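Here is the file structure_7.txt (compact mmCIF, C-alpha atoms).
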# COMPACT_ATOMS: atom_id res chain seq x y z
CA SER V 1 32.76 -21.87 77.42
CA ASN V 2 35.12 -24.54 76.00
CA CYS V 3 32.96 -24.71 72.86
CA GLU V 4 33.28 -21.07 71.75
CA ALA V 5 36.43 -21.98 69.83
CA THR V 6 37.35 -25.61 69.23
CA GLU V 7 40.64 -27.06 68.06
CA GLY V 8 41.06 -30.34 66.21
CA SER V 9 43.96 -32.72 65.75
CA ALA V 10 45.21 -30.72 62.76
CA TYR V 11 45.40 -27.64 65.04
CA GLU V 12 42.59 -26.02 63.06
CA ILE V 13 40.43 -23.57 65.00
CA MET V 14 36.66 -23.46 64.41
CA THR V 15 34.43 -20.71 65.83
CA ASP V 16 31.23 -20.69 63.77
CA PRO V 17 27.99 -22.22 65.17
CA SER V 18 27.68 -26.00 64.76
CA PRO V 19 24.57 -28.22 64.93
CA ALA V 20 26.29 -30.59 67.38
CA TYR V 21 29.24 -30.67 69.76
CA GLN V 22 31.29 -33.41 71.38
CA LEU V 23 32.14 -32.76 75.04
CA LEU V 24 34.92 -34.56 76.86
CA ASP V 25 34.92 -34.39 80.65
CA THR V 26 37.38 -36.52 82.58
CA THR V 27 37.81 -37.42 86.24
CA TRP V 28 41.24 -35.75 86.22
CA ASP V 29 39.65 -32.35 85.51
CA TYR V 30 40.36 -32.26 81.78
CA HIS V 31 37.59 -30.68 79.73
CA THR V 32 37.49 -30.06 76.01
CA CYS V 33 35.01 -29.65 73.17
CA TYR V 34 34.91 -30.47 69.46
CA ARG V 35 32.55 -29.44 66.69
CA LEU V 36 30.87 -32.40 65.01
CA ALA V 37 30.02 -30.46 61.86
CA GLY V 38 31.02 -27.44 59.87
CA SER V 39 29.46 -24.02 60.06
CA LEU V 40 25.69 -23.63 59.76
CA ALA V 41 26.39 -20.14 58.47
CA ASP V 42 27.72 -21.75 55.28
CA THR V 43 24.88 -21.37 52.77
CA SER V 44 26.20 -24.22 50.63
CA THR V 45 25.17 -27.83 51.24
CA ALA V 46 28.76 -29.02 51.75
CA ASN V 47 28.24 -29.67 55.45
CA VAL V 48 24.71 -31.12 55.27
CA GLU V 49 23.42 -34.25 53.53
CA PHE V 50 19.94 -35.80 53.41
CA GLY V 51 18.92 -39.19 52.09
CA LEU V 52 16.97 -42.41 52.46
CA TYR V 53 18.01 -44.70 55.29
CA ASP V 54 17.58 -47.66 52.93
CA PRO V 55 17.33 -46.73 49.21
CA MET V 56 15.82 -50.16 48.53
CA ASN V 57 13.01 -49.47 51.00
CA PRO V 58 12.14 -45.74 50.96
CA ALA V 59 9.39 -46.21 53.56
CA GLU V 60 11.86 -47.33 56.23
CA GLY V 61 13.10 -43.85 57.07
CA ILE V 62 15.49 -41.00 56.31
CA TYR V 63 18.83 -39.72 57.56
CA MET V 64 20.34 -36.29 58.10
CA LEU V 65 24.15 -36.07 58.04
CA TYR V 66 26.09 -33.11 59.41
CA LYS V 67 29.78 -33.23 58.51
CA GLY V 68 32.94 -31.16 58.30
CA GLY V 69 33.65 -30.91 62.03
CA ASN V 70 36.98 -30.75 63.83
CA ALA V 71 39.65 -33.12 62.58
CA CYS V 72 40.78 -36.20 64.47
CA LYS V 73 43.78 -38.41 63.83
CA ASP V 74 43.61 -41.41 61.53
CA THR V 75 43.71 -44.64 63.50
CA VAL V 76 44.76 -48.20 62.81
CA SER V 77 41.25 -49.60 62.96
CA ASP V 78 38.72 -51.36 60.77
CA LYS V 79 36.33 -48.51 61.59
CA ALA V 80 38.64 -45.77 60.38
CA ALA V 81 38.27 -44.61 56.79
CA CYS V 82 39.75 -41.15 56.92
CA THR V 83 40.17 -39.29 53.64
CA ASP V 84 40.62 -35.64 54.64
CA GLU V 85 44.16 -34.42 54.04
CA ILE V 86 45.40 -31.37 55.92
CA ASP V 87 49.01 -30.18 55.43
CA GLY V 88 50.00 -33.55 53.98
CA THR V 89 48.51 -35.61 56.84
CA THR V 90 45.35 -37.69 56.62
CA TYR V 91 42.66 -36.94 59.19
CA CYS V 92 39.05 -37.82 59.85
CA ARG V 93 36.56 -35.00 59.95
CA ARG V 94 34.09 -35.39 62.79
CA SER V 95 30.46 -35.85 61.74
CA ILE V 96 27.10 -36.87 63.17
CA LYS V 97 24.35 -38.76 61.36
CA LEU V 98 20.75 -38.68 62.60
CA ASN V 99 18.57 -41.62 61.48
CA PHE V 100 14.79 -41.27 61.68
CA LEU V 101 13.16 -44.68 61.25
CA CYS V 102 9.44 -44.81 60.47
CA ASN V 103 7.28 -45.57 63.50
CA ASN V 104 3.50 -45.18 63.48
CA GLU V 105 3.10 -43.73 66.96
CA ILE V 106 6.26 -42.20 68.45
CA SER V 107 6.33 -38.43 67.97
CA ASP V 108 8.42 -37.32 70.96
CA ILE V 109 12.15 -36.78 70.48
CA PRO V 110 13.99 -38.24 73.49
CA GLN V 111 16.34 -36.06 75.52
CA PHE V 112 18.89 -38.87 75.74
CA GLU V 113 19.76 -41.46 73.12
CA GLU V 114 22.62 -43.88 72.55
CA VAL V 115 25.37 -42.60 70.25
CA GLU V 116 27.36 -45.06 68.17
CA GLU V 117 30.70 -44.50 66.47
CA ALA V 118 30.14 -46.01 63.05
CA ARG V 119 33.67 -45.29 61.80
CA GLY V 120 36.57 -43.15 62.95
CA CYS V 121 35.02 -39.99 64.48
CA GLU V 122 31.75 -40.58 62.60
CA TYR V 123 28.91 -40.64 65.13
CA GLU V 124 25.41 -41.95 64.58
CA VAL V 125 22.12 -41.63 66.48
CA THR V 126 18.93 -43.53 65.56
CA PHE V 127 15.39 -42.43 66.45
CA ASN V 128 12.12 -44.30 65.93
CA SER V 129 9.69 -41.57 64.93
CA VAL V 130 6.64 -40.63 62.88
CA TYR V 131 8.90 -38.01 61.27
CA GLY V 132 10.74 -40.79 59.48
CA CYS V 133 7.59 -41.96 57.68
CA PRO V 134 6.82 -40.88 54.10
CA SER V 135 4.19 -38.16 53.73
CA GLU V 136 2.33 -40.47 51.31
CA CYS V 137 1.16 -42.44 54.35
CA PRO V 138 -1.63 -40.28 55.85
CA ARG V 139 -1.77 -39.27 59.51
CA GLU V 140 -4.82 -39.50 61.73
CA HIS V 141 -4.61 -37.71 65.09
CA GLY V 142 -0.85 -37.59 64.59
CA LEU V 143 -0.60 -41.36 64.07
CA VAL V 144 0.73 -42.75 60.78
CA CYS V 145 -1.91 -44.93 59.11
CA GLY V 146 -4.00 -44.23 62.22
CA ALA V 147 -1.81 -46.84 64.00
CA LYS V 148 -4.05 -49.40 62.29
CA GLY V 149 -1.66 -50.43 59.57
CA LEU V 150 1.89 -50.42 58.24
CA CYS V 151 3.47 -47.73 56.07
CA PHE V 152 5.29 -49.71 53.39
CA TYR V 153 6.80 -49.37 49.90
CA ASP V 154 5.35 -51.63 47.22
CA GLY V 155 8.19 -51.37 44.69
CA PHE V 156 11.05 -53.76 44.00
CA GLU V 157 14.76 -52.98 43.60
CA ASP V 158 14.17 -51.27 40.26
CA GLY V 159 11.48 -49.03 41.77
CA MET V 160 8.65 -50.74 39.86
CA THR V 161 5.82 -52.92 41.13
CA ALA V 162 4.90 -56.40 39.88
CA ASP V 163 2.22 -54.94 37.60
CA GLY V 164 4.56 -52.35 36.06
CA ARG V 165 3.63 -49.29 38.15
CA THR V 166 6.10 -46.93 39.77
CA GLY V 167 6.48 -47.97 43.39
CA SER V 168 4.99 -45.78 46.10
CA ALA V 169 4.62 -45.62 49.86
CA GLN V 170 1.17 -46.42 51.20
CA CYS V 171 -0.66 -47.85 54.19
CA LEU V 172 -1.18 -51.59 54.44
CA CYS V 173 -4.20 -51.71 56.74
CA GLU V 174 -5.07 -54.30 59.33
CA GLU V 175 -8.46 -55.93 58.87
CA PRO V 176 -11.18 -54.77 59.12
CA PHE V 177 -9.79 -51.25 58.46
CA THR V 178 -9.36 -49.83 54.98
CA GLY V 179 -8.86 -46.58 53.08
CA ALA V 180 -5.75 -44.54 52.30
CA GLY V 181 -5.11 -43.85 55.98
CA CYS V 182 -6.81 -46.96 57.45
CA SER V 183 -9.52 -44.69 58.84
CA GLU V 184 -12.47 -46.49 57.23
CA TYR V 185 -14.18 -49.53 58.72
CA ASP V 186 -14.96 -52.38 56.35
CA THR V 187 -18.20 -53.83 57.78
CA GLU V 188 -18.19 -56.75 55.34
CA SER V 189 -14.67 -57.76 56.33
CA ALA V 190 -15.60 -57.32 59.98
CA ALA V 191 -18.63 -59.58 59.51
CA VAL V 192 -16.48 -62.27 57.88
CA GLU V 193 -13.93 -61.96 60.65
CA SER V 194 -16.66 -62.18 63.28
CA SER V 195 -18.16 -65.26 61.57
CA SER V 196 -14.74 -66.86 61.43
CA TYR V 197 -14.22 -66.12 65.13
CA VAL V 198 -17.59 -67.65 66.02
CA PHE V 199 -16.77 -70.71 63.88
CA TRP V 200 -13.46 -71.37 65.62
CA VAL V 201 -14.91 -70.77 69.07
CA GLY V 202 -17.75 -73.18 68.28
CA LEU V 203 -15.30 -75.75 66.99
CA MET V 204 -13.23 -75.48 70.16
CA LEU V 205 -16.34 -75.93 72.29
CA ILE V 206 -17.29 -79.04 70.30
CA PHE V 207 -13.85 -80.58 70.84
CA ALA V 208 -13.98 -79.62 74.52
CA GLY V 209 -17.39 -81.35 74.82
CA ILE V 210 -16.10 -84.44 73.08
CA GLY V 211 -13.15 -84.47 75.46
CA LEU V 212 -15.42 -84.26 78.49
CA ILE V 213 -17.65 -87.04 77.16
CA CYS V 214 -14.67 -89.26 76.40
CA GLY V 215 -13.29 -88.53 79.86
CA ALA V 216 -16.59 -89.48 81.47
CA LYS V 217 -16.83 -92.65 79.34
CA ARG V 218 -13.25 -93.54 80.27
CA ASP V 219 -14.01 -93.18 84.00
CA SER V 220 -17.14 -95.37 83.56
CA MET V 221 -15.19 -98.05 81.69
CA LEU V 222 -12.46 -98.05 84.34
CA ALA V 223 -15.08 -98.42 87.06
CA LEU V 224 -16.71 -101.32 85.12
CA PHE V 225 -13.41 -103.14 84.59
CA SER V 226 -12.49 -102.59 88.22
CA GLY V 227 -15.81 -104.09 89.33
CA LEU V 228 -15.38 -107.07 87.04
CA TYR V 229 -11.88 -107.61 88.34
CA HIS V 230 -13.00 -107.64 91.97
CA MET V 231 -15.92 -109.95 91.15
CA ASN V 232 -13.56 -112.36 89.41
CA SER V 233 -11.11 -112.23 92.32
CA GLY V 234 -13.92 -113.14 94.75
CA TYR V 235 -15.01 -116.01 92.53
CA GLU V 236 -11.49 -117.40 92.40
CA ARG V 237 -11.19 -117.23 96.20
CA ASP V 238 -14.49 -119.09 96.61
CA ARG V 239 -13.27 -121.86 94.26
CA VAL V 240 -10.01 -122.21 96.15
CA GLY V 241 -11.87 -122.27 99.46
Let me see the structure of the file written as structure tokens.
Amino acid sequence: SNCEATEGSAYEIMTDPSPAYQLLDTTWDYHTCYRLAGSLADTSTANVEFGLYDPMNPAEGIYMLYKGGNACKDTVSDKAACTDEIDGTTYCRRSIKLNFLCNNEISDIPQFEEVEEARGCEYEVTFNSVYGCPSECPREHGLVCGAKGLCFYDGFEDGMTADGRTGSAQCLCEEPFTGAGCSEYDTESAAVESSSYVFWVGLMLIFAGIGLICGAKRDSMLALFSGLYHMNSGYERDRVG
């Protein structure tokens, strides 16, 4: 296999297992492979990084970054920001970043997903998944907030809420659902919602009735004016005659 030993632009050879590989297959029968991260056998955390997708909104999701892969040449590009120096030459180290954005319902990991090159040789894949949601938002039948609400963070930029509490992730439930995981049914709220629905439906029916009545009155008035017009026309003809 081309991936057993991979060689980067700095002529460095890598042979240890990697979490991801970059395959290049061309129409002119050129095939090569690069490692997108350093060795998984390395017990240190130098090649792996975890964090919040958006530190200002912890409920939005998380990311997992694998780095330290085969080197690639620095390029004259706004995307390139290479800082790895090997034998006096600056290179980019290949890497791949996996973003898991919080989604209430999607639990399957797709077999194919679009890969973006964020910067020089830095690749990024984004998934919408329940695995990106904070554990503080309860699951019901595998669905975050029972798919009846939104997992959100109630803190501001400083991590505190308006009333001075430490911000936390929680479910913001759709009415008439309530509870930590939106699994409870608020009968009082449902009754109010039902009454409101009946009110608006009744109001619409009233306006529809008024419209029908006005339409009927309009047709009657038009018929009356038409009759008067024809009567007057006949009277004028008799006078002329």
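Straight-line separation from atom CA of Gly142 of chain V to atom CA of Ile106 of chain V: 9.3 Å.
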Query raised in the report: Skipping near chain neighbours, those fewer than 3 positions away, what residues fall within 12 Å of His141 of chain V using only C-alpha atoms, listed as a PyMOL selection string?
Result: chain V and resi 104-105+107+130+138+144-147+181+183
Report task. Extract, using only C-alpha atoms, all DNA, RNA and protein residues at most 12 Å from Glu184 of chain V, discarding same-chain residues fewer than 6 positions from it, and format them as a ChimeraX atom specification. Result -> /V:140,145-146,148-149,173-178,190
Could those selected residues go to a file with C-alpha atoms, as a PDB file, in the coordinates of the input?
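Wrote it out as again29.pdb, contents follow:
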ATOM      1  CA  GLU V 140      -4.820 -39.500  61.730  1.00  0.00           C
ATOM      2  CA  CYS V 145      -1.910 -44.930  59.110  1.00  0.00           C
ATOM      3  CA  GLY V 146      -4.000 -44.230  62.220  1.00  0.00           C
ATOM      4  CA  LYS V 148      -4.050 -49.400  62.290  1.00  0.00           C
ATOM      5  CA  GLY V 149      -1.660 -50.430  59.570  1.00  0.00           C
ATOM      6  CA  CYS V 173      -4.200 -51.710  56.740  1.00  0.00           C
ATOM      7  CA  GLU V 174      -5.070 -54.300  59.330  1.00  0.00           C
ATOM      8  CA  GLU V 175      -8.460 -55.930  58.870  1.00  0.00           C
ATOM      9  CA  PRO V 176     -11.180 -54.770  59.120  1.00  0.00           C
ATOM     10  CA  PHE V 177      -9.790 -51.250  58.460  1.00  0.00           C
ATOM     11  CA  THR V 178      -9.360 -49.830  54.980  1.00  0.00           C
ATOM     12  CA  ALA V 190     -15.600 -57.320  59.980  1.00  0.00           C
TER      13      ALA V 190
END
Report task. Take atom CA of Asn103 of chain V and atom CA of Ser129 of chain V and report the distance between them in Å, one decimal. Result ->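 Computing it gives 4.9 Å between the two atoms.
Note that the spacing between atom CA of His31 of chain V and atom CA of Tyr66 of chain V amounts to 23.5 Å.
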Report task. Go through V:Met160, V:Val48, V:Ala5, V:Cys121 and flag the residue nearest Cys33 of chain V, using only C-alpha atoms for the distances. Result -> V:Ala5
Query - Ala41 of chain V environment, 12 Å, all atoms listed in the file, sequence neighbours closer than 4 positions dropped, as a list in words - result: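 These residues fall inside the cut-off: Thr15, Asp16, Pro17, Ser18, Pro19, Ala37, Thr45, Ala46, Asn47 and Val48 of chain V.
If you count all atoms listed in the file and draw a sphere of 12 Å around (5.4, -44.5, 42.3), the protein and nucleic acid residues inside it come out as Pro58, Glu136, Tyr153, Asp154, Gly155, Phe156, Asp158, Gly159, Met160, Thr161, Asp163, Gly164, Arg165, Thr166, Gly167, Ser168, Ala169 and Gln170 of chain V.
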Report task. Identify, on the basis of all atoms listed in the file, every residue whose closest approach to Asp87 of chain V does not exceed 12 Å; exclude the query and any residue fewer than 5 positions from it along the same chain; express the result as a VMD selection string. Result -> chain V and resid 9 to 12
Query raised in the report: Using all atoms listed in the file, which of the listed residues (V:Lys73, V:Arg94, V:Arg139, V:Lys67) sits closest to Ser39 of chain V?
Result: V:Lys67
Extract segment 51-62 of chain V from the preceding block and save all heavy atoms as a JSON list (two decimals), in the first residue's frame.
[["chain", "number", "residue", "atom", "x", "y", "z"],
["V", 51, "GLY", "N", -11.47, 21.00, 21.76],
["V", 51, "GLY", "CA", -11.92, 22.31, 22.22],
["V", 51, "GLY", "C", -13.34, 22.60, 21.80],
["V", 51, "GLY", "O", -14.01, 21.80, 21.13],
["V", 52, "LEU", "N", -13.82, 23.78, 22.20],
["V", 52, "LEU", "CA", -15.15, 24.24, 21.84],
["V", 52, "LEU", "C", -15.12, 24.86, 20.45],
["V", 52, "LEU", "O", -14.21, 25.63, 20.12],
["V", 52, "LEU", "CB", -15.66, 25.28, 22.85],
["V", 52, "LEU", "CG", -15.85, 24.78, 24.30],
["V", 52, "LEU", "CD1", -16.15, 25.97, 25.21],
["V", 52, "LEU", "CD2", -16.97, 23.76, 24.36],
["V", 53, "TYR", "N", -16.12, 24.55, 19.65],
["V", 53, "TYR", "CA", -16.20, 25.12, 18.31],
["V", 53, "TYR", "C", -16.30, 26.64, 18.40],
["V", 53, "TYR", "O", -15.68, 27.36, 17.61],
["V", 53, "TYR", "CB", -17.41, 24.53, 17.58],
["V", 53, "TYR", "CG", -17.57, 25.05, 16.17],
["V", 53, "TYR", "CD1", -16.79, 24.54, 15.14],
["V", 53, "TYR", "CD2", -18.51, 26.03, 15.88],
["V", 53, "TYR", "CE1", -16.93, 25.01, 13.84],
["V", 53, "TYR", "CE2", -18.66, 26.51, 14.59],
["V", 53, "TYR", "CZ", -17.87, 26.00, 13.57],
["V", 53, "TYR", "OH", -18.01, 26.47, 12.29],
["V", 54, "ASP", "N", -17.09, 27.13, 19.33],
["V", 54, "ASP", "CA", -17.22, 28.57, 19.57],
["V", 54, "ASP", "C", -17.14, 28.80, 21.09],
["V", 54, "ASP", "O", -18.12, 28.54, 21.79],
["V", 54, "ASP", "CB", -18.54, 29.09, 19.01],
["V", 54, "ASP", "CG", -18.71, 30.60, 19.22],
["V", 54, "ASP", "OD1", -17.80, 31.23, 19.78],
["V", 54, "ASP", "OD2", -19.75, 31.14, 18.80],
["V", 55, "PRO", "N", -16.01, 29.27, 21.60],
["V", 55, "PRO", "CA", -15.87, 29.47, 23.05],
["V", 55, "PRO", "C", -16.92, 30.41, 23.64],
["V", 55, "PRO", "O", -17.23, 30.33, 24.82],
["V", 55, "PRO", "CB", -14.46, 30.09, 23.18],
["V", 55, "PRO", "CG", -13.73, 29.63, 21.96],
["V", 55, "PRO", "CD", -14.77, 29.59, 20.88],
["V", 56, "MET", "N", -17.50, 31.29, 22.80],
["V", 56, "MET", "CA", -18.52, 32.21, 23.28],
["V", 56, "MET", "C", -19.89, 31.54, 23.38],
["V", 56, "MET", "O", -20.79, 32.05, 24.02],
["V", 56, "MET", "CB", -18.62, 33.43, 22.34],
["V", 56, "MET", "CG", -17.28, 34.10, 22.06],
["V", 56, "MET", "SD", -16.45, 34.64, 23.56],
["V", 56, "MET", "CE", -17.53, 35.93, 24.06],
["V", 57, "ASN", "N", -20.02, 30.39, 22.72],
["V", 57, "ASN", "CA", -21.29, 29.65, 22.76],
["V", 57, "ASN", "C", -20.97, 28.16, 22.91],
["V", 57, "ASN", "O", -20.98, 27.41, 21.92],
["V", 57, "ASN", "CB", -22.10, 29.91, 21.49],
["V", 57, "ASN", "CG", -23.43, 29.17, 21.50],
["V", 57, "ASN", "OD1", -23.90, 28.73, 22.55],
["V", 57, "ASN", "ND2", -24.03, 29.02, 20.33],
["V", 58, "PRO", "N", -20.68, 27.70, 24.12],
["V", 58, "PRO", "CA", -20.27, 26.31, 24.34],
["V", 58, "PRO", "C", -21.27, 25.27, 23.88],
["V", 58, "PRO", "O", -20.90, 24.12, 23.64],
["V", 58, "PRO", "CB", -20.08, 26.24, 25.87],
["V", 58, "PRO", "CG", -19.84, 27.65, 26.29],
["V", 58, "PRO", "CD", -20.67, 28.49, 25.38],
["V", 59, "ALA", "N", -22.54, 25.64, 23.75],
["V", 59, "ALA", "CA", -23.55, 24.68, 23.34],
["V", 59, "ALA", "C", -23.55, 24.43, 21.83],
["V", 59, "ALA", "O", -24.24, 23.53, 21.36],
["V", 59, "ALA", "CB", -24.94, 25.15, 23.78],
["V", 60, "GLU", "N", -22.78, 25.20, 21.08],
["V", 60, "GLU", "CA", -22.82, 25.07, 19.63],
["V", 60, "GLU", "C", -22.14, 23.80, 19.14],
["V", 60, "GLU", "O", -22.55, 23.21, 18.14],
["V", 60, "GLU", "CB", -22.20, 26.28, 18.95],
["V", 60, "GLU", "CG", -22.36, 26.27, 17.44],
["V", 60, "GLU", "CD", -21.99, 27.59, 16.81],
["V", 60, "GLU", "OE1", -21.66, 28.54, 17.55],
["V", 60, "GLU", "OE2", -22.03, 27.69, 15.56],
["V", 61, "GLY", "N", -21.10, 23.36, 19.84],
["V", 61, "GLY", "CA", -20.43, 22.14, 19.40],
["V", 61, "GLY", "C", -18.98, 22.08, 19.87],
["V", 61, "GLY", "O", -18.50, 22.94, 20.61],
["V", 62, "ILE", "N", -18.28, 21.04, 19.41],
["V", 62, "ILE", "CA", -16.89, 20.82, 19.78],
["V", 62, "ILE", "C", -16.08, 20.53, 18.51],
["V", 62, "ILE", "O", -16.63, 20.29, 17.45],
["V", 62, "ILE", "CB", -16.74, 19.65, 20.76],
["V", 62, "ILE", "CG1", -17.28, 18.36, 20.12],
["V", 62, "ILE", "CG2", -17.44, 19.94, 22.08],
["V", 62, "ILE", "CD1", -17.02, 17.11, 20.93]]
